[in-house]
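*Asks:* Sharing a structure, written as structure tokens. Questions coming.
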Amino acid sequence: MLELRGSGALEKIQKKWMSLAIRFAEQGIKKPAGGPFGAAIVRGKEVIAVAHNTVLRDHDATCHAEVNAIRAASRKLKRFDLSDCVIYSTTEPCPMCFSAIHWAGLRQVIFGTSIEDVQKRGFNELSIPSRTMKRLGQSPVLIKAGFMRKECLALLETWDQQENKKTY
């Protein structure tokens with residue numbers, strides 16, 4: 001486990017990992033593969049998996065960034081139990097993604113923008129926040145919301161400018 005003294009050191013490391021998720025989301029916007037969403041799974045000081053949304057490219061509604069990252073991490077570690085990992089997501093996980101995070105045993109999710117932010121852009125999101133999923137499902141997953149919100153919101157603003165964007 002990564003242990004850091006002082007919140008400044010932890011915040012610096014968390015910014016590094018969220019910036020990685022943001023870079024992958026940018027790749028998803030450029031391709032376009034599926035939207036302005038990215039996720040990174042980290043164990044201690046090691047990046048286990050990074051992914052972006054590929055719903056449009058793969059013609060698969062389950063290919064959200066978080067699910068893609070969980071699949072890649074599980075393949076790499078050869079196990080479904082990711083309880084020693086943290087996931088960074090540029091946007092709040094939808095109910096499907098939060099459930100996958102819970103089932104994978106990820107100990108924490110750190111995200112930037114909210115479900116409401118993407119709903120405003122036409123994405124067909126269910127209005128069930130992660131905190132509600134956690135509470136109703138009695139999930140032990142820790143949640144840190146609004147992390148690097150400004151930078152993650154910039155992804156959505158870049159998406160807004162795309163001519164051939166497609167929401168789902």
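Every chain in the structure tokens has a letter given in the order shown (A, B, ...), and although residue numbers restart at 1 in each chain, ligands are simply numbered from 1 in the order shown.
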Please tabulate, as a tab-separated table, the residues of segment 86-144 of chain A that come within 12 Å of segment 56-67 of chain A, each with its closest pair of atoms and the distance in Å to one decimal, counting only C-alpha atoms and ordering rows by chain, then residue number upward.

*Replies:*
residue	atom	partner	partner_atom	distance
A:Val86	CA	A:Glu66	CA	11.3
A:Ile87	CA	A:Glu66	CA	7.8
A:Tyr88	CA	A:Glu66	CA	8.4
A:Ser89	CA	A:Glu66	CA	6.9
A:Thr90	CA	A:Ala65	CA	9.0
A:Thr91	CA	A:Ala65	CA	9.5
A:Glu92	CA	A:Glu66	CA	9.8
A:Pro93	CA	A:Glu66	CA	7.4
A:Cys94	CA	A:His64	CA	9.1
A:Pro95	CA	A:Glu66	CA	11.2
A:Met96	CA	A:Thr62	CA	8.1
A:Cys97	CA	A:Glu66	CA	6.1
A:Phe98	CA	A:Glu66	CA	8.5
A:Ser99	CA	A:Val67	CA	9.8
A:Ala100	CA	A:Val67	CA	6.8
A:Ile101	CA	A:Glu66	CA	7.8
A:His102	CA	A:Val67	CA	11.4
A:Trp103	CA	A:Val67	CA	11.1
A:Ala104	CA	A:Val67	CA	10.0
A:Leu106	CA	A:Glu66	CA	11.2
A:Val109	CA	A:Glu66	CA	9.9
A:Ile110	CA	A:Glu66	CA	11.3
A:Phe111	CA	A:Glu66	CA	10.8
A:Asn124	CA	A:Ala61	CA	11.1
A:Glu125	CA	A:Ala61	CA	11.9

*Asks:* Among segment 2-167 of chain A, which residues carry a DSSP assignment of strand (DSSP E or B), reported as a ChimeraX atom specification?

*Replies:* /A:38-43,46-52,86-91,108-113,142-144

*Asks:* Please give the complete set of residues from segment 3-124 of chain A that DSSP, run on the backbone, assigns to helix (DSSP H, G or I), formatted as a PyMOL selection string.

*Replies:* chain A and resi 7-30+55-58+65-77+95-104+115-119

*Asks:* Hey, what's within 9 Å of Cys85 of chain A if we count only C-alpha atoms and toss same-chain stuff fewer than 4 positions away? As an NGL selection string, please?

*Replies:* :A and (1 or 41-44 or 48 or 105-108)

*Asks:* Determine the nearest neighbour of Gln119 of chain A from the options A:Ser83, A:Thr158, A:Gln138, A:Thr167, counting only C-alpha atoms.

*Replies:* A:Thr167

*Asks:* Using only C-alpha atoms, which residue out of A:Glu46, A:Asp160, A:Glu11, A:Asp84 lies closest to Val141 of chain A?

*Replies:*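 Looking only at the distances to Val141 of chain A, the closest residue turns out to be A:Asp84.
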
*Asks:* Which value, in Å to one decimal, gives the distance between atom CA of Ala154 of chain A and atom CA of Trp17 of chain A?

*Replies:* 16.9 Å

*Asks:* Name the residues in contact with Ala51 of chain A at a cut-off of 8 Å, using only C-alpha atoms, excluding same-chain residues fewer than 4 positions from it; report them as an NGL selection string.

*Replies:* :A and (21 or 24-25 or 38-40 or 65-66 or 68-69)

*Asks:* Rank A:Leu82, A:Gly28, A:Pro36, A:Gly122 by their smallest atom-to-atom distance to Ala49 of chain A, using only C-alpha atoms, and report the top residue only.

*Replies:*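 So, comparing all the options, the nearest one is A:Leu82.
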
*Asks:* Report the distance between atom CA of Lys150 of chain A and atom CA of Ala73 of chain A in Å, rounded to one decimal place.

*Replies:* 27.2 Å
